[in-house]
Each structure stands twice: as structure tokens, then as C-alpha cells.
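Notes to accompany the following structure.
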Amino acid sequence: MDEDAAHITVTVRFFAAAEEAAGGGQGTVSLHTGAMLGDLQEALVAQYGPPMERVLSVAAFLLDDDLTRNLETPVASRVDVLPPFAGG
């Protein structure tokens, strides 16, 4: 099955509260080529609803080795969603 060249599949890994909001530790999202983190955020909210929206409002994203909250960053083939973690 050929994937449309105008789209990419992004593997999203969820941690902590994001995993709870998604109901699991990993998912995939199809986005248009050239999509930004803001596009991914919108797709995740559409897929998982208000609980994910709350998590994403305070989350950071890890793309390769780069941690960012800049929603104008181009997505990578794998994105980790990292909500704030409570330390002890």
C-alpha cells in the first residue's frame, strides 16, 4: 500500500499524563508533508479530546535530541510528548 507523497506518518510516544490521556504509550498521526508541531498538536487534540488538550498546553516535545515547546518547529518521524514531571 503506497502512502500519499503529500503526507507523512508521525509516531508519537506519550509519557506520564500524556500516556493517560492517550490511553496508551504510542500512537501514529498522518500529517501533510512540511507539518509543524502546531499541526501535530491540533491532530492529537482532535484524536484524543480535552484530556490531551490539557496535557499539551503544558507539554514539551522531543524531536530526535531536541526539546522544544515551539509549535512552529517542523515535525520529525518520531515525536515524544513530555508533560511536566514532578520530582522528588
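Chain identifiers are assigned as A, B, and so on, following the order in which chains appear in the C-alpha cells; residues are numbered from 1 within each chain, and ligands are numbered from 1 in order of appearance.
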Would you return as a ChimeraX atom specification the members of chain A that DSSP assigns to alpha helix (DSSP H) on this structure's backbone?
/A:17-22,37-48,50-56
Emit the selected residues as a compact mmCIF listing (two decimals), in the first residue's frame, including C-alpha atoms.
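The result, written out as again-v7.txt:
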# COMPACT_ATOMS: atom_id res chain seq x y z
CA ALA A 17 -0.13 12.30 31.88
CA ALA A 18 0.06 12.25 28.08
CA GLU A 19 0.04 8.44 28.15
CA GLU A 20 -3.02 8.51 30.38
CA ALA A 21 -4.79 10.99 28.09
CA ALA A 22 -4.00 8.87 25.02
CA LEU A 37 4.33 20.83 15.83
CA GLY A 38 1.23 23.03 15.96
CA ASP A 39 -0.35 20.80 13.29
CA LEU A 40 0.55 17.72 15.31
CA GLN A 41 -0.91 19.29 18.44
CA GLU A 42 -4.20 20.01 16.63
CA ALA A 43 -4.35 16.44 15.31
CA LEU A 44 -3.71 14.98 18.77
CA VAL A 45 -6.44 17.11 20.34
CA ALA A 46 -8.84 16.05 17.57
CA GLN A 47 -7.95 12.39 18.13
CA TYR A 48 -7.84 12.28 21.95
CA PRO A 50 -9.94 17.61 26.04
CA PRO A 51 -7.72 15.49 28.31
CA MET A 52 -4.95 15.62 25.69
CA GLU A 53 -5.55 19.34 25.12
CA ARG A 54 -4.90 19.99 28.83
CA VAL A 55 -1.68 17.96 28.75
CA LEU A 56 -0.41 19.57 25.54
For Thr9 (chain A), list every protein, DNA or RNA residue within 10 Å, evaluated using only C-alpha atoms, and leave out those in the same chain fewer than 3 positions away; present the list as an MDAnalysis selection string.
chainID A and resid 3 12 28:33 76:78
Measuring between only C-alpha atoms, which one of A:Gly23, A:Pro84, A:Leu67, A:Gly34 shows the shortest distance to Ala5 (chain A)?
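Closest candidate: A:Gly34.
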Using only C-alpha atoms, can you tell me which of A:Phe85, A:Met36, A:Ala60, A:His7 comes closest to Glu72 (chain A)?
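Comparing A:Phe85, A:Met36, A:Ala60, A:His7 against Glu72 (chain A), the winner is A:Met36.
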Considering only C-alpha atoms, can you say which of A:Arg13, A:Asp64, A:Ala6, A:Gly49 comes closest to Asp80 (chain A)?
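Ranked by minimum distance to Asp80 (chain A), first place goes to A:Arg13.
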Atomic distance CA of Pro83 (chain A) - CA of Leu63 (chain A), expressed in Å with one decimal:
14.3 Å
Measuring between only C-alpha atoms, which one of A:Gln26, A:Thr68, A:Leu82, A:Ser57 shows the shortest distance to Thr11 (chain A)?
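Going through A:Gln26, A:Thr68, A:Leu82, A:Ser57 one by one, the smallest distance to Thr11 (chain A) is for A:Gln26.
CA of Ala59 (chain A) is found 11.1 Å from CA of Leu71 (chain A).
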Just asking: which residues within chain A are strand (DSSP E) according to DSSP, as a PyMOL selection string?
chain A and resi 7-14+26-32+60-63+66-68+78-82
Take the residues from that selection and put them in a file with N, CA, C and O atoms, as a compact mmCIF listing (two decimals), in the first residue's frame.
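Output saved as out-v3.txt:
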# COMPACT_ATOMS: atom_id res chain seq x y z
N HIS A 7 1.81 13.28 2.38
CA HIS A 7 1.58 13.03 3.80
C HIS A 7 2.74 12.25 4.41
O HIS A 7 3.42 11.50 3.72
N ILE A 8 2.91 12.45 5.70
CA ILE A 8 3.89 11.69 6.46
C ILE A 8 3.17 11.05 7.65
O ILE A 8 2.16 11.57 8.12
N THR A 9 3.69 9.93 8.09
CA THR A 9 3.18 9.30 9.30
C THR A 9 4.16 9.58 10.42
O THR A 9 5.35 9.30 10.30
N VAL A 10 3.65 10.16 11.50
CA VAL A 10 4.46 10.50 12.65
C VAL A 10 4.13 9.53 13.78
O VAL A 10 2.96 9.35 14.12
N THR A 11 5.15 8.89 14.32
CA THR A 11 4.98 8.06 15.51
C THR A 11 5.11 8.96 16.72
O THR A 11 6.09 9.69 16.84
N VAL A 12 4.09 8.92 17.57
CA VAL A 12 4.08 9.78 18.75
C VAL A 12 4.15 8.89 19.98
O VAL A 12 3.34 7.97 20.14
N ARG A 13 5.14 9.16 20.82
CA ARG A 13 5.26 8.42 22.08
C ARG A 13 4.79 9.33 23.20
O ARG A 13 5.17 10.50 23.27
N PHE A 14 3.96 8.77 24.07
CA PHE A 14 3.36 9.53 25.17
C PHE A 14 3.95 9.08 26.50
O PHE A 14 4.16 7.89 26.72
N GLN A 26 1.83 4.90 22.85
CA GLN A 26 2.27 5.25 21.50
C GLN A 26 1.08 5.30 20.55
O GLN A 26 0.12 4.57 20.72
N GLY A 27 1.19 6.17 19.56
CA GLY A 27 0.18 6.25 18.51
C GLY A 27 0.82 6.79 17.25
O GLY A 27 2.00 7.13 17.23
N THR A 28 0.04 6.85 16.19
CA THR A 28 0.52 7.43 14.94
C THR A 28 -0.48 8.47 14.46
O THR A 28 -1.67 8.37 14.72
N VAL A 29 0.06 9.44 13.74
CA VAL A 29 -0.75 10.52 13.18
C VAL A 29 -0.26 10.76 11.75
O VAL A 29 0.94 10.81 11.50
N SER A 30 -1.19 10.90 10.82
CA SER A 30 -0.86 11.24 9.45
C SER A 30 -1.01 12.75 9.28
O SER A 30 -2.06 13.31 9.58
N LEU A 31 0.06 13.39 8.83
CA LEU A 31 0.07 14.84 8.63
C LEU A 31 0.57 15.16 7.24
O LEU A 31 1.23 14.34 6.61
N HIS A 32 0.29 16.36 6.78
CA HIS A 32 0.79 16.78 5.48
C HIS A 32 2.29 17.00 5.56
O HIS A 32 2.83 17.35 6.61
N ALA A 60 6.19 19.61 26.63
CA ALA A 60 7.29 19.87 25.71
C ALA A 60 7.35 18.69 24.74
O ALA A 60 6.78 17.63 25.00
N PHE A 61 8.03 18.89 23.64
CA PHE A 61 8.14 17.86 22.61
C PHE A 61 9.61 17.55 22.38
O PHE A 61 10.43 18.46 22.29
N LEU A 62 9.92 16.27 22.28
CA LEU A 62 11.28 15.84 21.98
C LEU A 62 11.31 15.30 20.56
O LEU A 62 10.61 14.35 20.23
N LEU A 63 12.11 15.96 19.70
CA LEU A 63 12.29 15.55 18.31
C LEU A 63 13.76 15.21 18.17
O LEU A 63 14.60 16.09 18.30
N ASP A 66 16.30 17.10 20.33
CA ASP A 66 15.95 18.49 20.58
C ASP A 66 14.64 18.60 21.34
O ASP A 66 13.60 18.13 20.87
N LEU A 67 14.69 19.26 22.50
CA LEU A 67 13.50 19.51 23.31
C LEU A 67 12.98 20.90 22.97
O LEU A 67 13.75 21.86 22.96
N THR A 68 11.68 21.00 22.68
CA THR A 68 11.13 22.30 22.29
C THR A 68 9.67 22.42 22.72
O THR A 68 8.98 21.42 22.92
N ARG A 78 9.41 10.82 14.47
CA ARG A 78 9.04 10.40 15.81
C ARG A 78 9.07 11.62 16.73
O ARG A 78 10.04 12.36 16.73
N VAL A 79 8.01 11.78 17.50
CA VAL A 79 7.90 12.89 18.44
C VAL A 79 7.49 12.32 19.79
O VAL A 79 6.54 11.54 19.87
N ASP A 80 8.20 12.70 20.84
CA ASP A 80 7.82 12.31 22.19
C ASP A 80 7.11 13.48 22.86
O ASP A 80 7.57 14.62 22.76
N VAL A 81 5.98 13.21 23.51
CA VAL A 81 5.23 14.22 24.23
C VAL A 81 5.59 14.08 25.71
O VAL A 81 5.35 13.04 26.32
N LEU A 82 6.19 15.14 26.25
CA LEU A 82 6.70 15.11 27.62
C LEU A 82 6.01 16.16 28.49
O LEU A 82 6.37 17.34 28.47
